[in-house]
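Dropping coords27.txt in here (compact mmCIF, C-alpha atoms and all ligand atoms):
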# COMPACT_ATOMS: atom_id res chain seq x y z
CA MET A 436 -1.70 24.18 21.97
CA THR A 437 -4.13 23.16 19.22
CA ALA A 438 -5.57 19.65 19.14
CA THR A 439 -3.26 18.64 16.28
CA GLU A 440 -0.20 20.01 18.03
CA SER A 441 -0.99 18.02 21.13
CA LEU A 442 -1.48 14.85 19.05
CA GLU A 443 1.77 15.53 17.26
CA LYS A 444 3.52 15.96 20.60
CA GLN A 445 2.16 12.61 21.84
CA PHE A 446 3.34 10.98 18.63
CA ASP A 447 6.83 12.48 18.93
CA GLU A 448 7.06 11.39 22.56
CA THR A 449 6.08 7.83 21.68
CA ILE A 450 8.84 7.74 19.02
CA ALA A 451 11.36 9.32 21.43
CA ARG A 452 10.57 6.68 24.08
CA ASN A 453 11.27 4.07 21.39
CA ASP A 454 7.72 2.83 21.86
CA ARG A 455 5.66 1.49 18.99
CA ILE A 456 2.99 3.37 17.10
CA GLU A 457 -0.18 1.27 16.84
CA PRO A 458 -2.87 1.45 14.13
CA ARG A 459 -5.42 3.50 16.05
CA ASP A 460 -2.89 6.10 17.20
CA TRP A 461 -2.88 9.48 15.56
CA MET A 462 0.09 9.78 13.18
CA PRO A 463 1.37 12.46 10.80
CA GLU A 464 0.04 11.99 7.29
CA LYS A 465 3.59 11.80 5.92
CA TYR A 466 4.48 9.02 8.36
CA ARG A 467 1.43 7.06 7.19
CA LYS A 468 2.23 7.67 3.51
CA THR A 469 5.90 6.74 3.91
CA LEU A 470 4.93 3.52 5.68
CA ILE A 471 2.30 2.58 3.13
CA ARG A 472 4.85 3.06 0.36
CA GLN A 473 7.55 1.04 2.15
CA VAL A 474 5.36 -1.80 3.44
CA ALA A 475 3.50 -2.13 0.13
CA GLN A 476 6.77 -2.21 -1.79
CA HIS A 477 8.01 -4.86 0.61
CA ALA A 478 4.80 -6.93 0.22
CA HIS A 479 4.93 -6.67 -3.57
CA SER A 480 8.57 -7.84 -3.51
CA GLU A 481 7.61 -11.00 -1.63
CA ILE A 482 4.81 -11.74 -4.11
CA ILE A 483 6.74 -10.92 -7.31
CA GLY A 484 9.74 -12.70 -5.78
CA MET A 485 7.90 -16.01 -6.12
CA GLN A 486 8.25 -15.87 -9.92
CA PRO A 487 12.00 -16.25 -10.57
CA GLU A 488 12.18 -19.34 -8.37
CA GLY A 489 8.70 -20.61 -9.22
CA ASN A 490 10.08 -20.85 -12.74
CA TRP A 491 12.07 -23.94 -11.66
CA ILE A 492 9.53 -25.86 -9.55
CA THR A 493 8.45 -28.18 -12.37
CA ARG A 494 12.08 -28.82 -13.34
CA ALA A 495 13.65 -29.41 -9.93
CA PRO A 496 16.41 -32.03 -10.17
CA SER A 497 14.98 -34.26 -7.41
CA LEU A 498 11.88 -34.72 -5.32
CA ARG A 499 13.82 -33.42 -2.30
CA ARG A 500 14.79 -30.18 -4.08
CA LYS A 501 11.26 -29.80 -5.40
CA ALA A 502 9.69 -30.12 -1.95
CA ILE A 503 12.17 -27.57 -0.55
CA LEU A 504 11.58 -25.10 -3.37
CA LEU A 505 7.80 -25.43 -3.10
CA ALA A 506 7.96 -24.76 0.65
CA LYS A 507 10.21 -21.75 0.11
CA VAL A 508 8.03 -20.20 -2.57
CA GLN A 509 4.96 -20.83 -0.41
CA ASP A 510 6.70 -19.01 2.46
CA GLU A 511 7.22 -15.98 0.21
CA ALA A 512 3.48 -15.93 -0.51
CA GLY A 513 2.94 -15.97 3.25
CA HIS A 514 5.40 -13.11 3.72
CA GLY A 515 3.48 -11.07 1.16
CA LEU A 516 0.24 -11.72 3.03
CA TYR A 517 1.66 -10.78 6.46
CA LEU A 518 2.84 -7.51 4.95
CA TYR A 519 -0.41 -6.73 3.09
CA SER A 520 -2.19 -7.39 6.37
CA ALA A 521 0.13 -4.91 8.15
CA CYS A 522 -0.32 -2.36 5.37
CA GLU A 523 -4.11 -2.59 5.58
CA THR A 524 -3.95 -1.35 9.17
CA LEU A 525 -2.81 1.97 7.67
CA GLY A 526 -6.09 2.39 5.83
CA VAL A 527 -5.49 0.92 2.37
CA SER A 528 -6.91 -2.36 1.08
CA ARG A 529 -5.03 -5.27 -0.39
CA ARG A 530 -7.20 -4.94 -3.49
CA GLU A 531 -6.05 -1.34 -4.02
CA LEU A 532 -2.43 -2.33 -3.47
CA THR A 533 -2.65 -5.19 -5.96
CA GLU A 534 -4.13 -2.81 -8.51
CA LEU A 535 -1.41 -0.23 -7.92
CA LEU A 536 1.20 -2.96 -8.46
CA ILE A 537 -0.21 -4.24 -11.73
CA GLU A 538 -0.75 -0.70 -12.98
CA GLY A 539 2.95 -0.08 -12.34
CA GLN A 540 2.27 2.66 -9.79
CA GLN A 541 4.03 0.94 -6.91
CA LYS A 542 7.43 -0.69 -7.00
CA TYR A 543 9.00 -3.94 -5.86
CA SER A 544 12.64 -4.88 -5.36
CA SER A 545 14.65 -4.56 -8.58
CA ILE A 546 16.38 -7.90 -7.94
CA PHE A 547 13.33 -9.84 -9.16
CA ASN A 548 13.62 -8.31 -12.62
CA TYR A 549 16.61 -10.53 -13.35
CA PRO A 550 16.02 -13.97 -14.92
CA THR A 551 16.85 -17.37 -13.41
CA LEU A 552 18.83 -19.18 -16.07
CA SER A 553 19.90 -22.36 -14.29
CA TYR A 554 19.05 -24.36 -11.18
CA ALA A 555 22.15 -22.95 -9.55
CA ASP A 556 20.24 -19.64 -9.50
CA VAL A 557 17.81 -21.18 -6.99
CA GLY A 558 20.79 -21.71 -4.68
CA THR A 559 22.28 -18.28 -5.34
CA ILE A 560 18.96 -16.54 -4.71
CA GLY A 561 18.59 -18.36 -1.38
CA TRP A 562 22.15 -17.59 -0.36
CA LEU A 563 22.62 -14.01 -1.63
CA VAL A 564 19.14 -12.59 -2.21
CA ASP A 565 17.52 -14.01 0.92
CA GLY A 566 20.79 -13.27 2.72
CA ALA A 567 20.55 -9.61 1.73
CA ALA A 568 16.86 -9.61 2.64
CA ILE A 569 17.76 -10.90 6.13
CA CYS A 570 20.27 -8.05 6.58
CA ASN A 571 17.55 -5.59 5.65
CA GLN A 572 14.80 -7.21 7.67
CA VAL A 573 16.40 -8.00 11.02
CA PRO A 574 16.66 -4.30 12.04
CA LEU A 575 13.10 -3.76 10.78
CA CYS A 576 11.84 -6.04 13.55
CA ARG A 577 12.41 -2.92 15.72
CA THR A 578 10.69 -0.51 13.34
CA SER A 579 8.45 2.07 15.00
CA TYR A 580 5.18 0.87 13.48
CA GLY A 581 3.86 -2.08 15.52
CA PRO A 582 2.16 -4.22 12.84
CA TYR A 583 5.13 -3.84 10.45
CA GLY A 584 7.61 -4.90 13.13
CA ARG A 585 5.48 -7.90 14.10
CA SER A 586 5.29 -9.03 10.45
CA MET A 587 9.05 -8.71 10.20
CA ILE A 588 9.55 -10.91 13.26
CA ARG A 589 7.47 -13.70 11.69
CA ILE A 590 9.30 -13.28 8.38
CA CYS A 591 12.78 -13.32 9.88
CA LYS A 592 12.03 -16.59 11.66
CA GLU A 593 11.33 -18.15 8.27
CA GLU A 594 14.13 -16.56 6.24
CA SER A 595 16.89 -18.56 7.86
CA PHE A 596 15.64 -21.74 6.17
CA HIS A 597 15.66 -19.90 2.83
CA GLN A 598 19.25 -18.85 3.11
CA ARG A 599 20.50 -22.19 4.41
CA GLN A 600 18.78 -24.28 1.73
CA GLY A 601 20.36 -22.04 -0.90
CA PHE A 602 23.83 -22.33 0.58
CA GLU A 603 23.47 -26.09 0.94
CA LEU A 604 22.32 -26.40 -2.69
CA LEU A 605 25.39 -24.50 -3.90
CA ALA A 606 27.71 -26.44 -1.59
CA THR A 607 26.33 -29.70 -3.03
CA MET A 608 26.98 -28.50 -6.58
CA MET A 609 30.50 -27.37 -5.63
CA ARG A 610 31.24 -30.96 -4.57
CA GLY A 611 30.04 -32.18 -7.97
CA THR A 612 31.57 -31.97 -11.47
CA ASP A 613 33.63 -29.14 -12.99
CA GLU A 614 30.58 -28.28 -15.04
CA GLN A 615 28.47 -27.90 -11.89
CA ARG A 616 31.10 -25.74 -10.22
CA ALA A 617 31.18 -23.53 -13.31
CA MET A 618 27.39 -23.21 -13.13
CA VAL A 619 27.61 -21.99 -9.54
CA GLN A 620 30.35 -19.45 -10.33
CA GLU A 621 28.47 -18.14 -13.36
CA SER A 622 25.33 -17.74 -11.27
CA VAL A 623 27.17 -15.91 -8.45
CA ASP A 624 28.78 -13.62 -11.05
CA ARG A 625 25.35 -12.62 -12.34
CA PHE A 626 23.67 -12.10 -8.96
CA TRP A 627 26.41 -10.44 -6.90
CA TRP A 628 25.93 -6.87 -8.11
CA PRO A 629 22.12 -6.95 -8.24
CA ALA A 630 22.21 -8.34 -4.66
CA LEU A 631 24.27 -5.33 -3.52
CA MET A 632 21.72 -3.05 -5.20
CA MET A 633 18.98 -4.50 -2.96
CA PHE A 634 20.02 -2.10 -0.18
CA GLY A 635 19.09 0.87 -2.35
CA PRO A 636 21.15 3.80 -3.64
CA PRO A 637 24.15 5.17 -1.71
CA ASP A 638 23.22 7.29 1.33
CA ALA A 639 24.16 10.50 -0.47
CA ASP A 640 21.48 9.77 -3.09
CA SER A 641 18.81 8.52 -0.71
CA PRO A 642 16.91 11.66 0.30
CA ASN A 643 14.19 9.88 2.33
CA THR A 644 16.55 8.00 4.63
CA GLU A 645 17.03 10.80 7.15
CA GLN A 646 13.32 11.32 7.83
CA SER A 647 12.68 7.55 7.92
CA MET A 648 15.44 7.13 10.52
CA ALA A 649 14.12 10.04 12.59
CA TRP A 650 10.73 8.34 12.67
CA GLY A 651 12.29 5.00 13.54
CA ILE A 652 10.87 3.40 10.38
CA LYS A 653 14.39 2.58 9.22
CA ARG A 654 17.11 1.72 11.75
CA ASP A 655 20.21 1.66 9.52
CA THR A 656 21.25 3.48 6.36
CA ASN A 657 21.56 1.73 2.98
CA ASP A 658 25.36 1.89 3.03
CA GLU A 659 25.59 0.52 6.59
CA LEU A 660 23.48 -2.48 5.64
CA ARG A 661 25.40 -3.06 2.41
CA GLN A 662 28.67 -3.08 4.35
CA LYS A 663 27.26 -5.53 6.86
CA PHE A 664 26.12 -7.83 4.06
CA VAL A 665 29.52 -7.80 2.34
CA ASP A 666 31.32 -8.52 5.61
CA MET A 667 28.99 -11.43 6.34
CA THR A 668 29.16 -12.89 2.85
CA VAL A 669 32.91 -12.92 2.16
CA PRO A 670 33.73 -15.81 4.54
CA GLN A 671 30.69 -17.73 3.28
CA ALA A 672 31.98 -17.38 -0.30
CA GLU A 673 35.36 -18.69 0.85
CA ALA A 674 33.71 -21.67 2.50
CA LEU A 675 31.84 -22.38 -0.74
CA GLY A 676 34.93 -21.94 -2.89
CA VAL A 677 33.43 -19.31 -5.19
CA THR A 678 34.93 -15.97 -6.20
CA LEU A 679 32.92 -12.79 -5.73
CA PRO A 680 33.23 -10.82 -8.99
CA ASP A 681 34.71 -7.65 -7.52
CA PRO A 682 38.45 -7.05 -8.05
CA SER A 683 38.46 -4.24 -5.48
CA LEU A 684 37.02 -6.42 -2.72
CA VAL A 685 39.65 -6.49 0.02
CA TRP A 686 39.85 -6.60 3.80
CA ASN A 687 40.65 -3.18 5.31
CA GLU A 688 42.44 -3.77 8.60
CA GLU A 689 42.13 -0.14 9.65
CA ARG A 690 38.35 0.06 9.22
CA GLY A 691 37.74 -3.50 10.35
CA HIS A 692 35.56 -3.95 7.27
CA HIS A 693 35.91 -5.02 3.66
CA ASP A 694 36.41 -2.38 1.00
CA PHE A 695 34.37 -3.11 -2.10
CA GLY A 696 33.33 -1.65 -5.43
CA GLN A 697 30.07 0.12 -6.25
CA PRO A 698 27.37 -1.54 -8.34
CA ASP A 699 26.46 0.09 -11.64
CA TRP A 700 23.93 2.62 -10.33
CA ASP A 701 22.86 3.59 -13.84
CA GLU A 702 21.79 0.01 -14.40
CA PHE A 703 19.95 0.12 -11.08
CA MET A 704 17.98 3.22 -12.10
CA ARG A 705 17.22 1.66 -15.48
CA VAL A 706 15.83 -1.50 -13.86
CA VAL A 707 13.86 0.44 -11.24
CA LYS A 708 12.28 2.50 -14.01
CA GLY A 709 11.11 -0.62 -15.84
CA GLY A 710 14.03 -1.34 -18.16
CA GLY A 711 15.29 -4.56 -16.56
CA PRO A 712 15.33 -7.87 -18.42
CA CYS A 713 12.10 -9.19 -16.85
CA ASN A 714 10.06 -6.17 -15.64
CA ALA A 715 7.31 -6.53 -18.26
CA GLN A 716 7.13 -10.29 -17.85
CA ARG A 717 6.82 -10.12 -14.04
CA ILE A 718 3.95 -7.64 -14.12
CA ALA A 719 2.17 -9.41 -16.99
CA HIS A 720 2.36 -12.68 -15.05
CA ARG A 721 1.00 -11.05 -11.89
CA ARG A 722 -1.81 -9.45 -13.87
CA HIS A 723 -2.79 -12.78 -15.47
CA ALA A 724 -2.77 -14.56 -12.13
CA HIS A 725 -5.01 -11.83 -10.69
CA GLU A 726 -7.42 -11.82 -13.63
CA ASP A 727 -7.51 -15.61 -13.97
CA GLY A 728 -8.41 -15.84 -10.29
CA ALA A 729 -11.41 -13.51 -10.61
CA TRP A 730 -13.90 -16.35 -11.08
CA VAL A 731 -12.62 -18.08 -7.94
CA ARG A 732 -13.15 -14.91 -5.88
CA GLU A 733 -16.64 -14.48 -7.33
CA ALA A 734 -17.60 -18.13 -6.80
CA ALA A 735 -16.41 -18.06 -3.19
CA THR A 736 -18.40 -14.88 -2.55
CA ALA A 737 -21.53 -16.44 -4.08
CA PHE A 738 -21.03 -19.63 -2.06
CA ALA A 739 -20.62 -17.64 1.15
CA ALA A 740 -23.78 -15.63 0.40
CA LYS A 741 -25.70 -18.86 -0.12
CA GLY A 742 -24.40 -20.26 3.16
CA ALA A 743 -25.38 -17.07 4.99
CA SER A 744 -28.94 -17.10 3.69
CA ALA A 745 -29.49 -20.86 4.23
CA MET B 1459 -9.15 -4.58 19.04
CA SER B 1460 -9.69 -4.48 15.32
CA GLU B 1461 -6.65 -2.94 13.71
CA VAL B 1462 -8.29 -1.76 10.51
CA PRO B 1463 -10.23 1.47 10.08
CA GLU B 1464 -13.76 1.21 8.69
CA MET B 1465 -12.85 2.88 5.41
CA VAL B 1466 -11.20 -0.31 4.16
CA GLN B 1467 -13.65 -1.98 1.80
CA ASP B 1468 -13.03 -5.25 0.08
CA ASP B 1469 -15.24 -7.93 -1.41
CA TRP B 1470 -14.26 -10.45 1.20
CA PRO B 1471 -14.60 -9.48 4.83
CA LEU B 1472 -11.55 -9.08 7.01
CA TYR B 1473 -10.90 -11.58 9.81
CA GLU B 1474 -8.56 -11.23 12.77
CA ILE B 1475 -6.67 -14.45 13.47
CA PHE B 1476 -5.78 -15.75 16.94
CA VAL B 1477 -3.56 -18.79 17.47
CA ARG B 1478 -3.02 -20.91 20.57
CA GLY B 1479 0.67 -21.78 20.37
CA LYS B 1480 0.40 -24.83 22.57
CA ARG B 1481 -1.79 -26.29 25.27
CA GLY B 1482 -1.76 -24.17 28.38
CA LEU B 1483 -1.36 -20.84 26.53
CA ASN B 1484 -3.90 -18.21 25.52
CA HIS B 1485 -4.86 -17.58 21.94
CA VAL B 1486 -2.76 -14.66 20.69
CA HIS B 1487 -3.54 -12.25 17.87
CA VAL B 1488 -1.20 -12.98 14.94
CA GLY B 1489 -2.60 -10.86 12.11
CA SER B 1490 -5.51 -10.68 9.74
CA LEU B 1491 -6.67 -12.01 6.40
CA HIS B 1492 -9.57 -11.77 3.97
CA ALA B 1493 -11.94 -14.68 3.45
CA ALA B 1494 -15.39 -15.23 1.95
CA ASP B 1495 -16.68 -17.06 5.02
CA ASP B 1496 -15.65 -18.53 8.38
CA GLU B 1497 -14.55 -21.87 6.97
CA MET B 1498 -12.31 -20.25 4.40
CA ALA B 1499 -10.90 -17.93 7.05
CA LEU B 1500 -9.81 -20.95 9.11
CA ARG B 1501 -8.30 -22.73 6.10
CA HIS B 1502 -6.38 -19.65 5.03
CA ALA B 1503 -5.29 -18.97 8.60
CA ARG B 1504 -3.83 -22.46 8.78
CA ASP B 1505 -1.84 -21.91 5.57
CA VAL B 1506 -0.76 -18.34 6.31
CA TYR B 1507 -0.04 -18.42 10.04
CA THR B 1508 0.73 -22.03 11.02
CA ARG B 1509 2.98 -23.57 8.38
CA ARG B 1510 5.45 -24.76 11.04
CA ASN B 1511 3.37 -26.11 13.91
CA GLU B 1512 2.93 -22.63 15.38
CA GLY B 1513 -0.45 -23.56 16.76
CA VAL B 1514 -2.79 -26.19 18.11
CA SER B 1515 -5.96 -24.11 17.73
CA ILE B 1516 -7.08 -21.15 15.61
CA TRP B 1517 -9.81 -18.58 16.17
CA ALA B 1518 -10.97 -16.49 13.21
CA VAL B 1519 -13.13 -13.50 14.16
CA ARG B 1520 -14.73 -11.03 11.75
CA SER B 1521 -12.94 -7.72 12.38
CA ASP B 1522 -16.22 -5.82 12.31
CA ALA B 1523 -17.50 -8.00 15.17
CA ILE B 1524 -14.77 -6.86 17.56
CA ALA B 1525 -15.55 -4.08 20.01
CA ALA B 1526 -12.48 -1.91 20.66
CA SER B 1527 -11.96 0.06 23.87
CA SER B 1528 -11.23 3.31 22.03
CA PRO B 1529 -9.87 4.68 18.78
CA ASP B 1530 -6.65 5.57 20.59
CA GLU B 1531 -4.37 3.01 22.23
CA LYS B 1532 -3.90 5.44 25.12
CA ASP B 1533 -7.30 4.99 26.67
CA PRO B 1534 -8.69 6.88 29.68
CA LEU B 1535 -10.27 3.48 30.42
CA PHE B 1536 -6.91 2.37 31.78
CA ALA B 1537 -6.16 5.57 33.67
CA PRO B 1538 -7.89 4.51 36.94
CA ALA B 1539 -5.44 1.61 37.18
CA ASN B 1540 -2.56 4.11 37.38
CA ASP B 1541 -3.60 5.60 40.73
CA LYS B 1542 -4.20 2.24 42.40
CA VAL B 1543 -0.57 1.47 43.06
CA TYR B 1544 -1.57 -0.55 46.13
CA ARG B 1545 -2.67 -3.30 43.70
CA HIS B 1546 0.99 -4.06 43.02
CA PRO B 1547 3.22 -6.08 45.36
CA THR B 1548 6.00 -3.48 45.15
CA PHE B 1549 3.75 -0.98 46.99
CA TYR B 1550 4.52 -2.77 50.28
CA SER B 1551 7.92 -2.55 51.93
CA ILE B 1552 9.00 -5.69 53.72
CA PRO B 1553 12.31 -6.00 55.59
CA ASP B 1554 15.03 -7.65 53.49
CA ASP B 1555 15.58 -10.46 56.01
CA VAL B 1556 11.99 -11.74 55.86
CA PRO B 1557 12.20 -14.89 53.69
CA HIS B 1558 9.88 -16.26 50.97
CA MET B 1559 8.01 -13.01 50.37
FE FE C 1 10.47 -13.45 2.10
FE FE C 2 12.85 -15.58 1.61

Can you give me the file's structure in the form of structure tokens?
Ligand SMILES: [Fe+2]
Ligand SMILES: [Fe+2]
Amino acid sequence: MTATESLEKQFDETIARNDRIEPRDWMPEKYRKTLIRQVAQHAHSEIIGMQPEGNWITRAPSLRRKAILLAKVQDEAGHGLYLYSACETLGVSRRELTELLIEGQQKYSSIFNYPTLSYADVGTIGWLVDGAAICNQVPLCRTSYGPYGRSMIRICKEESFHQRQGFELLATMMRGTDEQRAMVQESVDRFWWPALMMFGPPDADSPNTEQSMAWGIKRDTNDELRQKFVDMTVPQAEALGVTLPDPSLVWNEERGHHDFGQPDWDEFMRVVKGGGPCNAQRIAHRRHAHEDGAWVREAATAFAAKGASA
Amino acid sequence: MSEVPEMVQDDWPLYEIFVRGKRGLNHVHVGSLHAADDEMALRHARDVYTRRNEGVSIWAVRSDAIAASSPDEKDPLFAPANDKVYRHPTFYSIPDDVPHM
């Protein structure tokens, strides 16, 4: 057996035992690349995801809602940092990743390319978007790469607040005026399909899923997670008193699951490729924030150098 | 100990962050972050890793100051422990009816 073969065997055995791979372990180059792509994309989503909701911080309807929204958006910044920190253990730097993002060479979740048109959207994002994120993230706590799984555990602990504040916001509006109820319904109508797209294309069109599951990076397929999300969300929608905008959504006694329609996958591909309503705006904003912060990074470096030589 | 290979270069050094969850517990590694100096590392660690009272004390240690036992988590350093089974209580058989042992 060559040295590489023996390393590969050790790696395969670790995966087969359901043990975690740690940063200093040998790993196949494709495993490393796949993880960098997935964790970076996840980190970028947390960071870009601050923008749609951040849009409403200065116009929150009360001090209470403003404090909640600030805390939530700050959490998302934290999630991005946990994930960049995990990604760096694979041998890339946060600086490189940030540059790849603003050059458009790495992706983030397509959901954040949709605009937030009313304050009800803050509630809908918490309920549906963070709800979908939870569905995705809970199984990732058991992912095969140690630092990624540990980041996911921290993140999942914090996501529950995000979803609950969103649901509570919508429930409050549903107890308000007809106009407020209409705002909630309109918001849910806009976000339902993009939320279903968050789980990625159908399994038949997701060529990387099989390898990612074999490596224990992913634990469930896109369609399994989407089904789980729909089943979880239907009773919540009933409790809220909103209608989910899918005429084919119906309980299937035989399967023990809901049947539901497919999102417009052409729209999904268009948004992923940059053609969504806010793609350009999101990246431009991220680029400005990065460039406008350059002097702060330089000043802190200079200050630290001065302290070190004093 | 350090989780990041040397090839990672960034303007600000990398720090590993350890948090004591509450009195009576050890500091535990929670992740890493970049900071210009020690003071900034502690401030950022507070914001990133303890937004919900997760800690009563933080250590920030420059990653390049940590000595690691080996590049591989499976270290021959720990192998000698494997053949000293007599260090574990289960090595000794005691009759079931002997109490409090
Ligand atoms: Fe998040
Ligand atoms: Fe969240």

Please provide the set of residues having any atom within 6 Å of stretch 566-583 of chain A, restricted to all atoms listed in the file, with same-chain residues fewer than 3 positions apart removed, written as an MDAnalysis selection string.
chainID A and resid 455:457 521 562:563 586:588 598 651:652

Find the residues of chain A that sit at most 7 Å from ligand FE 1 (chain C); for each, write down the nearest two atoms and how far apart they are in Å, to one decimal. Count only C-alpha atoms and all ligand atoms. Sort by chain, then by number going up, and give it as JSON lines.
{"residue": "A:Glu481", "atom": "CA", "partner": "C:FE1", "partner_atom": "FE", "distance": 5.3}
{"residue": "A:Asp510", "atom": "CA", "partner": "C:FE1", "partner_atom": "FE", "distance": 6.7}
{"residue": "A:Glu511", "atom": "CA", "partner": "C:FE1", "partner_atom": "FE", "distance": 4.5}
{"residue": "A:His514", "atom": "CA", "partner": "C:FE1", "partner_atom": "FE", "distance": 5.3}
{"residue": "A:Ile590", "atom": "CA", "partner": "C:FE1", "partner_atom": "FE", "distance": 6.4}
{"residue": "A:Glu594", "atom": "CA", "partner": "C:FE1", "partner_atom": "FE", "distance": 6.3}

Nearest to ligand FE 2 (chain C) by atom-to-atom distance, counting only C-alpha atoms and all ligand atoms, from A:Ala495, A:Cys591, A:Ile503, A:Cys713
A:Cys591

For a test of reading the model, state the distance in Å between atom CA of A:Phe626 and atom CA of A:Ala672, rounded to one decimal.
13.1 Å

Counting all atoms listed in the file, a student should be able to say which residues of chain A come within 7 Å of chain B; what is the right answer, written as a list in words?
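Filtering chain A at 7 Å from chain B with all atoms listed in the file gives Pro458, Arg459, Asp460, Gly513, Ser520, Glu523, Thr524, Gly526, Val527, Ser528, Arg530, Ala735, Thr736 and Ala739 of chain A.
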
Pairwise distance for atom CA of A:Pro642 and atom CA of A:Pro698, rounded to one decimal in Å:
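Separation of atom CA of A:Pro642 and atom CA of A:Pro698: 18.9 Å.
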
Please measure the separation of atom CA of A:Asp681 and atom CA of A:Phe695, giving the value in Å to one decimal.
7.1 Å

Using only C-alpha atoms and all ligand atoms, which residue out of A:Trp461, A:Phe602, A:Phe596, A:Phe634 lies closest to ligand FE 2 (chain C)?
A:Phe596

Skip B:Arg1481 itself and residues of its chain fewer than 2 positions away, then list as a VMD selection string all residues within 9 Å of it, counting only C-alpha atoms.
chain B and resid 1478 to 1479 1483 to 1484 1514 to 1515

Under the rule that only C-alpha atoms and all ligand atoms are counted, which of A:Val508, A:Met436, A:Leu442, A:Met462 is the nearest residue to ligand FE 2 (chain C)?
A:Val508

For stretch 643-648 of chain A: contacts at 12 Å, all atoms listed in the file, fewer than 5 positions along chain excluded, given as a list in words
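Once the adjacent positions are removed, what remains is Ile450, Ala451, Lys465, Tyr466, Arg467, Lys468, Thr469, Leu470, Arg472, Gln473, Pro574, Leu575, Arg577, Thr578, Ser579, Tyr580, Phe634, Gly635, Pro636, Pro637, Asp638, Lys653, Arg654, Asp655, Thr656, Asn657, Asp658 and Glu659 of chain A.
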
Could you list, as a list in words, every residue within 9 Å of A:Leu536, counting all atoms listed in the file and ignoring same-chain residues fewer than 3 positions away?
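Those residues are Ala475, Gln476, His479, Glu531, Leu532, Thr533, Gly539, Gln540, Gln541, Lys542, Tyr543, Ile718, Arg721 and Arg722 of chain A.
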
Export, as a short mmCIF file (atom, residue, chain, number, x, y, z; two decimals), in the frame of the given file, the selected residues with C-alpha atoms.
data_model
loop_
_atom_site.label_atom_id
_atom_site.label_comp_id
_atom_site.auth_asym_id
_atom_site.auth_seq_id
_atom_site.Cartn_x
_atom_site.Cartn_y
_atom_site.Cartn_z
CA ALA A 475 3.50 -2.13 0.13
CA GLN A 476 6.77 -2.21 -1.79
CA HIS A 479 4.93 -6.67 -3.57
CA GLU A 531 -6.05 -1.34 -4.02
CA LEU A 532 -2.43 -2.33 -3.47
CA THR A 533 -2.65 -5.19 -5.96
CA GLY A 539 2.95 -0.08 -12.34
CA GLN A 540 2.27 2.66 -9.79
CA GLN A 541 4.03 0.94 -6.91
CA LYS A 542 7.43 -0.69 -7.00
CA TYR A 543 9.00 -3.94 -5.86
CA ILE A 718 3.95 -7.64 -14.12
CA ARG A 721 1.00 -11.05 -11.89
CA ARG A 722 -1.81 -9.45 -13.87
#

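Near stretch 685-687 of chain A, within 10 Å and counting all atoms listed in the file, sit Asp666, Val669, His693, Asp694, Phe695 and Gly696 of chain A; same-chain residues fewer than 6 positions away were not included.
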